[in-house]
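Here's the structure we're looking at; comments come further down.
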Amino acid sequence: MKLALLGDLHYHEIDTTIPGLPEAKAAFYQNVLEQFLNLDADMYISLGDLTNYGLTSELEEIYELLQRHDKQFIHVLGNHDLYGQTRREVLELTGQQRYHVLDTEEAVLVFLDTAKEMDFKDWGGWLDFEQLEWLEHKVIASKEKPLLVFGHHPVYRTTAGSERDKGSIHPSIDMWNILNQNKGIGIYFNGHTHMDSIVQQQEWSFVQLSACLDQPGFRLVDIGEESIRISAVDITDPIVLESAPILHKHMKHFSPTLNARGKDEDRELVVQLLKAPIF
């Protein structure tokens, strides 16, 4: 099974009277999404902040582009997706689920909702007691099967930037108490801090994606019989690379991140799968 992952895209409204801006927006987003959806994958996953403000216009436009391809697309909610309207309204517009699980033959895929609703002062992550209880049940139920968790916010003090104020799921939430109940391979995927980063702690691997506007590209996750291989896919098209700085210049609620690409070790990861003992 192959998964294609998209970091913070921040699809946004623009001032159409600014010369060249509509063309830059179309060139960037249409090309990025076309390349994303043309990747060889079984499932296409956004790790949140698909939009810049969660406005109806942003959501409708981005989903119109996504629906041009008949692909299985899953949108994990990010804080930016819930600035403009309520969680219920966003879910109704997108047809997505708040949090859910897919138990496939190869792995258990858990999709979280770590975003706060319409909270403009605190963009950090949060999970309520009901979701935490649900997550614990899913972690235990996964047993030895590989467990892949997808959330917008990182776990505190794991990937780059997760130690910052509002840079992670709130430190008061003991995610490790839940994650450590896993018996098999565990990989946690997230966005939010706009920096590529791969960190291995205890029995878990943490894979963080940068924002597409800073580091145009994706991640491919190939779940094989012996290993899970995670690789970076860079976008090198000049039209995309030239359009991004134009969008940066005129965007609200977004600032470019330096060193978004991370180090060489933040680009690739191979996790060997546990083999059942032979008696």
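Letters for chains follow the order of the structure tokens (A, B, ...), residue numbers begin at 1 for each chain, and ligand numbers begin at 1 in the order shown.
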DSSP alpha helix (DSSP H) selection over stretch 19-241 of chain A, as an MDAnalysis selection string: chainID A and resid 21:37 56:66 87:94 129:141 175:179 238:241
All residues 10 Å or closer to stretch 215-229 of chain A, only C-alpha atoms, same chain fewer than 6 positions away omitted, as a PyMOL selection string: chain A and resi 1-7+9+28+32+35-36+39-46+106-107+146+185+187+194-196+207-209+235-237+240-241+244+256-262+267-275
A:Gly186 surroundings by only C-alpha atoms, 12 Å radius, close-in-sequence under 5 positions cut, as a ChimeraX atom specification: /A:107-110,139-140,142-150,176,178-181,200-207,228,271-274
Close residues, A:Gly48 itself excluded, 6 Å, only C-alpha atoms, min 4 positions apart in chain, as a PDB file with N, CA, C and O atoms, in the first residue's frame:
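Everything below was put into result_33.pdb:
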ATOM      1  N   ASP A   8       1.297  21.414   4.965  1.00  0.00           N
ATOM      2  CA  ASP A   8       0.455  22.613   5.032  1.00  0.00           C
ATOM      3  C   ASP A   8       0.440  23.319   3.669  1.00  0.00           C
ATOM      4  O   ASP A   8       1.450  23.852   3.221  1.00  0.00           O
ATOM      5  N   VAL A  76      -7.022  15.888   7.137  1.00  0.00           N
ATOM      6  CA  VAL A  76      -6.898  16.049   8.588  1.00  0.00           C
ATOM      7  C   VAL A  76      -7.011  17.546   8.903  1.00  0.00           C
ATOM      8  O   VAL A  76      -6.351  18.366   8.274  1.00  0.00           O
ATOM      9  N   LEU A  77      -7.831  17.907   9.846  1.00  0.00           N
ATOM     10  CA  LEU A  77      -8.061  19.318  10.150  1.00  0.00           C
ATOM     11  C   LEU A  77      -6.840  19.968  10.805  1.00  0.00           C
ATOM     12  O   LEU A  77      -6.222  19.400  11.701  1.00  0.00           O
ATOM     13  N   GLY A  78      -6.513  21.185  10.338  1.00  0.00           N
ATOM     14  CA  GLY A  78      -5.480  22.001  10.953  1.00  0.00           C
ATOM     15  C   GLY A  78      -6.088  23.253  11.550  1.00  0.00           C
ATOM     16  O   GLY A  78      -7.246  23.584  11.280  1.00  0.00           O
ATOM     17  N   HIS A 152      -2.415  17.004  12.653  1.00  0.00           N
ATOM     18  CA  HIS A 152      -1.797  18.250  12.196  1.00  0.00           C
ATOM     19  C   HIS A 152      -0.658  18.675  13.116  1.00  0.00           C
ATOM     20  O   HIS A 152       0.418  19.058  12.653  1.00  0.00           O
TER      21      HIS A 152
END
Test item: residues at most 10 Å from A:Gln30, only C-alpha atoms, excluding those fewer than 4 positions along its chain, as a PyMOL selection string: chain A and resi 24-26+34-36+62+65-66+240
Contacts of A:Leu132 at 12 Å (only C-alpha atoms; same-chain gap of 4+ positions) as number ranges by chain: A: 99, 112-114, 126-128, 136-139, 169, 173-179
What does the file look like for those residues with N, CA, C and O atoms, as a JSON list (two decimals), in the first residue's frame?
[["chain", "number", "residue", "atom", "x", "y", "z"],
["A", 99, "TYR", "N", -12.45, 12.63, 13.22],
["A", 99, "TYR", "CA", -11.35, 11.68, 13.45],
["A", 99, "TYR", "C", -11.90, 10.29, 13.22],
["A", 99, "TYR", "O", -13.07, 10.01, 13.46],
["A", 112, "LEU", "N", -6.40, 11.94, 13.30],
["A", 112, "LEU", "CA", -6.77, 12.72, 14.47],
["A", 112, "LEU", "C", -7.30, 14.11, 14.10],
["A", 112, "LEU", "O", -7.04, 14.62, 13.01],
["A", 113, "ASP", "N", -7.99, 14.71, 15.04],
["A", 113, "ASP", "CA", -8.36, 16.12, 14.96],
["A", 113, "ASP", "C", -7.70, 16.81, 16.15],
["A", 113, "ASP", "O", -8.17, 16.72, 17.28],
["A", 114, "THR", "N", -6.59, 17.51, 15.88],
["A", 114, "THR", "CA", -5.86, 18.18, 16.96],
["A", 114, "THR", "C", -6.09, 19.70, 16.96],
["A", 114, "THR", "O", -5.44, 20.42, 17.70],
["A", 126, "TRP", "N", -4.82, 20.40, 20.49],
["A", 126, "TRP", "CA", -5.60, 19.92, 21.64],
["A", 126, "TRP", "C", -6.43, 18.72, 21.23],
["A", 126, "TRP", "O", -6.94, 18.65, 20.11],
["A", 127, "LEU", "N", -6.57, 17.74, 22.11],
["A", 127, "LEU", "CA", -7.50, 16.63, 21.94],
["A", 127, "LEU", "C", -8.36, 16.56, 23.20],
["A", 127, "LEU", "O", -7.82, 16.58, 24.32],
["A", 128, "ASP", "N", -9.67, 16.47, 23.04],
["A", 128, "ASP", "CA", -10.54, 16.38, 24.21],
["A", 128, "ASP", "C", -10.51, 14.95, 24.77],
["A", 128, "ASP", "O", -9.95, 14.03, 24.16],
["A", 136, "GLU", "N", -6.73, 5.86, 22.55],
["A", 136, "GLU", "CA", -6.14, 4.79, 23.37],
["A", 136, "GLU", "C", -6.70, 3.43, 22.99],
["A", 136, "GLU", "O", -5.96, 2.44, 22.87],
["A", 137, "HIS", "N", -8.01, 3.39, 22.77],
["A", 137, "HIS", "CA", -8.65, 2.13, 22.38],
["A", 137, "HIS", "C", -8.10, 1.64, 21.04],
["A", 137, "HIS", "O", -7.82, 0.44, 20.87],
["A", 138, "LYS", "N", -7.92, 2.56, 20.09],
["A", 138, "LYS", "CA", -7.43, 2.17, 18.76],
["A", 138, "LYS", "C", -5.97, 1.72, 18.81],
["A", 138, "LYS", "O", -5.57, 0.81, 18.09],
["A", 139, "VAL", "N", -5.16, 2.37, 19.64],
["A", 139, "VAL", "CA", -3.76, 1.98, 19.79],
["A", 139, "VAL", "C", -3.67, 0.56, 20.35],
["A", 139, "VAL", "O", -2.92, -0.29, 19.84],
["A", 169, "ILE", "N", 0.84, 19.58, 20.11],
["A", 169, "ILE", "CA", -0.26, 19.23, 21.01],
["A", 169, "ILE", "C", 0.14, 19.71, 22.40],
["A", 169, "ILE", "O", 1.30, 19.60, 22.79],
["A", 173, "ILE", "N", -1.14, 17.36, 27.77],
["A", 173, "ILE", "CA", -1.75, 16.11, 27.30],
["A", 173, "ILE", "C", -0.66, 15.05, 27.18],
["A", 173, "ILE", "O", 0.28, 15.20, 26.40],
["A", 174, "ASP", "N", -0.78, 13.99, 27.94],
["A", 174, "ASP", "CA", 0.26, 12.95, 27.98],
["A", 174, "ASP", "C", 0.04, 11.98, 26.83],
["A", 174, "ASP", "O", -0.53, 10.90, 26.99],
["A", 175, "MET", "N", 0.52, 12.36, 25.65],
["A", 175, "MET", "CA", 0.38, 11.50, 24.48],
["A", 175, "MET", "C", 1.20, 10.21, 24.63],
["A", 175, "MET", "O", 0.80, 9.16, 24.12],
["A", 176, "TRP", "N", 2.32, 10.30, 25.33],
["A", 176, "TRP", "CA", 3.17, 9.11, 25.47],
["A", 176, "TRP", "C", 2.48, 8.01, 26.27],
["A", 176, "TRP", "O", 2.73, 6.82, 26.03],
["A", 177, "ASN", "N", 1.64, 8.38, 27.19],
["A", 177, "ASN", "CA", 0.90, 7.38, 27.96],
["A", 177, "ASN", "C", 0.04, 6.51, 27.05],
["A", 177, "ASN", "O", -0.17, 5.32, 27.31],
["A", 178, "ILE", "N", -0.43, 7.12, 25.95],
["A", 178, "ILE", "CA", -1.24, 6.39, 24.97],
["A", 178, "ILE", "C", -0.34, 5.69, 23.94],
["A", 178, "ILE", "O", -0.50, 4.50, 23.66],
["A", 179, "LEU", "N", 0.61, 6.42, 23.38],
["A", 179, "LEU", "CA", 1.45, 5.86, 22.33],
["A", 179, "LEU", "C", 2.25, 4.66, 22.80],
["A", 179, "LEU", "O", 2.47, 3.70, 22.04]]
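Considering only C-alpha atoms, the residue among A:Ala141, A:Lys249, A:Ser168, A:Asn38 positioned nearest to A:Asn182 is A:Ala141.
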Nearest to A:Phe254, chosen from A:Thr51, A:Gln67, A:Asn31, A:Thr17, with only C-alpha atoms counted in the distances: A:Thr51
Atomic distance atom CA of A:Asp81 - atom CA of A:Leu50, expressed in Å with one decimal: 6.6 Å
Sel. of strand (DSSP E or B) residues, stretch 122-251 of chain A, as a PyMOL selection string: chain A and resi 125+147-150+169+186-190+197-201+204-208+217-223+227-234
